[in-house]
Amino acid sequence: MVRRNWHAVVINRSPASVFRILISLCLILPGVSVSAQTIEITLLDGRNGHPMVGASSYVNVWVGTERKKAITIPTDGKGIARLQLTSNSDEVNVPKSKSSGSIVVEHPIVRYDESLRINTPYVLCESGGSHYSWLRLESFSTKEILHHGDVSPNTCDRVTVSPHPGQVILFVRPLTWWEKLKQ
């Protein structure tokens with residue numbers, strides 16, 4: 001008959017050992033980089049809920065006040081434009097603005113800032129409708145978007161959706177020929 005000795009593992013849970021573990025973590029974790037956070041900006045046709053796609057579907061974004069010119073981000077086949085935020089300036093892939101126009105970047109990575117402004121080439125389905133300029137900027141709190149998400153009102157129809165953290169959903173519609181003429 002073989003006798004096996006089973007040894008119990010004793011975990012020392014004294015305050016001093018817990019303190020040593022916490023100090024070790026504090027020394028190790030600063031070397032770990034914080035991963036970038038992605039914001040998805042979804043353009044939906046407020047009349048039917050379909051994504052706004054195609055060559056003329058994009059969003060203009062300003063993160064904070066550092067850039068005077070917009071970052072133009074095209075939407076994908078699902079009407080989504082993605083913006084990645086980072087605290088590491090070495091990861092930023094949007095060059096400093098040297099020209100008078102905006103810069104087009106499909107997958108921009110920019111430094112995190114507390115505020116975010118968005119503009120679309122469409123009419124926002126909000127109260128006021130076509131009486132507001134399609135050039136109007138919508139301002140958002142980056143922290144609110146990352147924690148809760150945001151969805152714009154939809155006065156174009158009864159289509160509704162719920163946002164997820166990190167998601168901005170804008171209900172829009174194309175400009176009418178008269179609105180294009182007025183602008």
# chains A, B, ... in the order shown; residues from 1 in each chain; ligands from 1
call {"tool": "residues_around", "arguments": {"residues": "segment 160-172 of chain A", "least_positions_apart": "3", "cutoff": "6 Å", "atoms": "only C-alpha atoms", "output": "MDAnalysis selection string"}}
result
chainID A and resid 39:46 122:125 145:152 154
call {"tool": "residues_around", "arguments": {"residues": "Ser57 of chain A", "least_positions_apart": "5", "cutoff": "8 Å", "atoms": "only C-alpha atoms", "output": "list in words"}}
result
Met52, Pro74, Thr75, Gly79 and Pro121 of chain A
call {"tool": "write_last_selection", "arguments": {"atoms": "C-alpha atoms", "output": "tab-separated table (two decimals), in the first residue's frame"}}
result
chain	number	residue	atom	x	y	z
A	52	MET	CA	-25.60	55.82	-43.56
A	74	PRO	CA	-15.20	57.67	-43.19
A	75	THR	CA	-17.92	55.26	-42.04
A	79	GLY	CA	-22.33	53.28	-40.84
A	121	PRO	CA	-22.69	66.07	-43.73
call {"tool": "closest_residue", "arguments": {"among": "A:Lys96, A:Tyr58, A:Val53, A:Ile103", "to": "Ile71 of chain A", "atoms": "only C-alpha atoms"}}
result
A:Ile103
call {"tool": "atom_distance", "arguments": {"atom1": "atom CA of Thr86 of chain A", "atom2": "atom CA of Ile109 of chain A"}}
result
6.9 Å
call {"tool": "closest_residue", "arguments": {"among": "A:Ala70, A:Arg158, A:Ser139, A:Lys180", "to": "Gly101 of chain A", "atoms": "only C-alpha atoms"}}
result
A:Ala70
call {"tool": "closest_residue", "arguments": {"among": "A:Ser141, A:Asn60, A:Gln37, A:Thr120", "to": "Ser87 of chain A", "atoms": "only C-alpha atoms"}}
result
A:Gln37
call {"tool": "closest_residue", "arguments": {"among": "A:Gln84, A:Thr176, A:Thr72, A:Thr38", "to": "Asn119 of chain A", "atoms": "only C-alpha atoms"}}
result
A:Thr72
call {"tool": "closest_residue", "arguments": {"among": "A:Trp177, A:Gly64, A:Asn88, A:Gly77", "to": "Asp113 of chain A", "atoms": "only C-alpha atoms"}}
result
A:Gly64
call {"tool": "residues_around", "arguments": {"residues": "Arg47 of chain A", "least_positions_apart": "4", "cutoff": "8 Å", "atoms": "only C-alpha atoms", "output": "list in words"}}
result
Cys156, Asp157, Arg158, Val159 and Arg173 of chain A
call {"tool": "select_by_dssp", "arguments": {"residues": "segment 27-167 of chain A", "states": "alpha helix (DSSP H)", "output": "list of chain:residue names"}}
result
A:Leu27, A:Ile28, A:Thr142, A:Lys143, A:Glu144, A:Ile145, A:Leu146, A:His147
call {"tool": "atom_distance", "arguments": {"atom1": "atom CA of Tyr112 of chain A", "atom2": "atom CA of Val92 of chain A"}}
result
10.0 Å
call {"tool": "select_by_dssp", "arguments": {"residues": "segment 76-169 of chain A", "states": "strand (DSSP E or B)", "output": "list of chain:residue names"}}
result
A:Ile80, A:Ala81, A:Arg82, A:Leu83, A:Gln84, A:Leu85, A:Thr86, A:Ile103, A:Val104, A:Ile109, A:Val110, A:Arg111, A:Ser115, A:Leu116, A:Arg117, A:Ile118, A:Asn119, A:Val123, A:Leu124, A:Glu138, A:Ser139, A:Phe140, A:Ser141, A:Asp150, A:Val151, A:Gln167, A:Val168, A:Ile169
call {"tool": "write_last_selection", "arguments": {"atoms": "C-alpha atoms", "output": "mmCIF file, in the first residue's frame"}}
result
data_model
loop_
_atom_site.group_PDB
_atom_site.id
_atom_site.type_symbol
_atom_site.label_atom_id
_atom_site.label_comp_id
_atom_site.auth_asym_id
_atom_site.auth_seq_id
_atom_site.Cartn_x
_atom_site.Cartn_y
_atom_site.Cartn_z
ATOM 1 C CA ILE A 80 -19.683 53.272 -38.081
ATOM 2 C CA ALA A 81 -16.673 55.586 -37.807
ATOM 3 C CA ARG A 82 -14.110 54.521 -35.192
ATOM 4 C CA LEU A 83 -11.867 56.785 -33.159
ATOM 5 C CA GLN A 84 -9.217 55.395 -30.830
ATOM 6 C CA LEU A 85 -8.127 57.371 -27.759
ATOM 7 C CA THR A 86 -4.787 56.865 -26.029
ATOM 8 C CA ILE A 103 -7.339 65.511 -42.648
ATOM 9 C CA VAL A 104 -8.918 62.181 -43.653
ATOM 10 C CA ILE A 109 -5.551 57.273 -32.877
ATOM 11 C CA VAL A 110 -5.518 60.541 -30.910
ATOM 12 C CA ARG A 111 -4.637 61.665 -27.401
ATOM 13 C CA SER A 115 -14.354 66.779 -24.726
ATOM 14 C CA LEU A 116 -15.292 65.645 -28.198
ATOM 15 C CA ARG A 117 -17.118 67.504 -30.986
ATOM 16 C CA ILE A 118 -18.772 65.833 -33.981
ATOM 17 C CA ASN A 119 -20.213 67.161 -37.236
ATOM 18 C CA VAL A 123 -29.216 67.008 -41.054
ATOM 19 C CA LEU A 124 -29.474 65.862 -37.441
ATOM 20 C CA GLU A 138 -22.483 68.382 -31.388
ATOM 21 C CA SER A 139 -20.406 68.439 -28.187
ATOM 22 C CA PHE A 140 -19.941 65.400 -25.958
ATOM 23 C CA SER A 141 -18.171 64.435 -22.760
ATOM 24 C CA ASP A 150 -24.918 58.552 -26.126
ATOM 25 C CA VAL A 151 -27.779 58.579 -28.621
ATOM 26 C CA GLN A 167 -20.823 54.356 -28.641
ATOM 27 C CA VAL A 168 -22.332 57.557 -30.054
ATOM 28 C CA ILE A 169 -25.409 57.061 -32.230
#
call {"tool": "atom_distance", "arguments": {"atom1": "atom CA of Asp90 of chain A", "atom2": "atom CA of Pro108 of chain A"}}
result
13.1 Å
